[in-house]
Amino acid sequence: QVQLVESGGGLMQPGGSLRLSCAASGFILDYVHIGWFRQAPGKEREGVSCISSRDGPLYYRDSVKGRFTISRDNAKNTVYLQMNSLKPEDTGVYYCAALSASTVQPMCVMDFDSPYEYWGQGTQVTVSS
């Protein structure tokens with residue numbers, strides 16, 4: 001059974017850090033692309049970062065570049081999102097999602113969430129003083 005489980009969210013003051021984890025089961029993480037998305041109250045879900053399979057390209061949305069870092073630990077079948085210098089506008093429910101790698105889909109995508117096949121349940125991140 002394919003499953004993605006996010007953890008690591010919480011309440012943090014502006015300027016603080018959180019590390020989100022996305023633990024995968026039922027498939028080998030290195031063979032899929034993983035995306036991190038977030039949804040703030042009253043807003044559409046947006047891509048935050050993604051990492052391609054097999055050490056392929058990774059991407060960040062402009063607003064998190066230099067503050068967030070996505071990484072993969074294949075031994076633990078887990079993808080992380082290290083979030084530093086958090087801002088109130090980073091608040092939202094963060095989801096990880098998996099997209100099968102193929103010749104048709106050689107890299108992860110961040111602009112659209114529709115290609116992603118599997119989703120976690122989400123973890124809440126609140127940045128507030």
# chains A, B, ... in the order shown; residues from 1 in each chain; ligands from 1

$ residues_around --residues "segment 15-19 of chain A" --least-positions-apart "2" --cutoff "12 Å" --atoms "only C-alpha atoms" --output "ChimeraX atom specification"
/A:6-13,21-22,67-71,79-91,94,123-129

$ residues_around --residues "Cys108 of chain A" --least-positions-apart "5" --cutoff "9 Å" --atoms "only C-alpha atoms" --output "ChimeraX atom specification"
/A:32-35,50-53,56-59,99,101

$ atom_distance --atom1 "atom CA of Pro106 of chain A" --atom2 "atom CA of Glu44 of chain A"
26.0 Å

$ residues_around --residues "Gln1 of chain A" --least-positions-apart "3" --cutoff "9 Å" --atoms "only C-alpha atoms" --output "count of residues only"
3

$ closest_residue --among "A:Ala75, A:Val93, A:Val48, A:Val64" --to "Val109 of chain A" --atoms "only C-alpha atoms"
A:Val48

$ decode --residues "segment 67-129 of chain A" --atoms "C-alpha atoms" --output "short mmCIF file (atom, residue, chain, number, x, y, z; two decimals), in the first residue's frame"
data_model
loop_
_atom_site.label_atom_id
_atom_site.label_comp_id
_atom_site.auth_asym_id
_atom_site.auth_seq_id
_atom_site.Cartn_x
_atom_site.Cartn_y
_atom_site.Cartn_z
CA ARG A 67 15.39 29.83 3.24
CA PHE A 68 14.08 26.33 2.49
CA THR A 69 16.09 23.25 1.56
CA ILE A 70 14.67 20.02 0.21
CA SER A 71 16.62 16.79 0.60
CA ARG A 72 16.20 13.05 0.36
CA ASP A 73 17.42 10.20 2.58
CA ASN A 74 17.03 7.04 0.51
CA ALA A 75 18.05 4.79 3.38
CA LYS A 76 15.11 6.09 5.39
CA ASN A 77 12.83 6.46 2.35
CA THR A 78 12.15 9.99 3.55
CA VAL A 79 12.20 13.47 2.02
CA TYR A 80 12.79 16.51 4.20
CA LEU A 81 11.97 20.17 3.90
CA GLN A 82 14.19 22.29 6.12
CA MET A 83 12.52 25.65 6.62
CA ASN A 84 14.59 28.49 8.08
CA SER A 85 13.87 32.18 8.63
CA LEU A 86 10.18 31.43 8.71
CA LYS A 87 7.73 34.21 7.93
CA PRO A 88 4.02 34.55 8.77
CA GLU A 89 3.24 34.09 5.06
CA ASP A 90 4.70 30.57 5.28
CA THR A 91 1.70 29.57 7.37
CA GLY A 92 -0.42 26.79 5.93
CA VAL A 93 -0.98 23.06 5.67
CA TYR A 94 2.03 21.45 4.03
CA TYR A 95 1.57 18.36 1.90
CA CYS A 96 4.06 16.07 0.24
CA ALA A 97 3.13 14.27 -2.95
CA ALA A 98 4.68 11.61 -5.17
CA LEU A 99 4.86 11.48 -8.95
CA SER A 100 6.24 8.46 -10.79
CA ALA A 101 9.38 9.14 -12.77
CA SER A 102 9.30 8.14 -16.44
CA THR A 103 10.58 9.15 -19.86
CA VAL A 104 7.43 11.26 -20.15
CA GLN A 105 8.02 12.79 -16.72
CA PRO A 106 11.80 12.92 -16.21
CA MET A 107 11.74 15.75 -13.64
CA CYS A 108 9.58 16.93 -10.79
CA VAL A 109 7.12 19.74 -11.35
CA MET A 110 6.03 22.44 -8.95
CA ASP A 111 3.69 24.67 -10.92
CA PHE A 112 0.91 22.09 -11.06
CA ASP A 113 -0.24 19.61 -8.45
CA SER A 114 -2.51 17.62 -10.78
CA PRO A 115 0.22 15.24 -12.07
CA TYR A 116 0.98 13.99 -8.57
CA GLU A 117 -0.51 10.57 -7.89
CA TYR A 118 -0.15 10.13 -4.15
CA TRP A 119 -0.60 12.61 -1.33
CA GLY A 120 0.02 12.71 2.37
CA GLN A 121 -2.51 13.93 4.90
CA GLY A 122 -0.72 17.23 5.51
CA THR A 123 0.94 18.87 8.49
CA GLN A 124 0.05 22.30 9.84
CA VAL A 125 2.71 25.01 9.97
CA THR A 126 1.84 28.21 11.80
CA VAL A 127 4.28 31.11 11.94
CA SER A 128 3.16 33.72 14.41
CA SER A 129 4.47 35.78 17.29
#
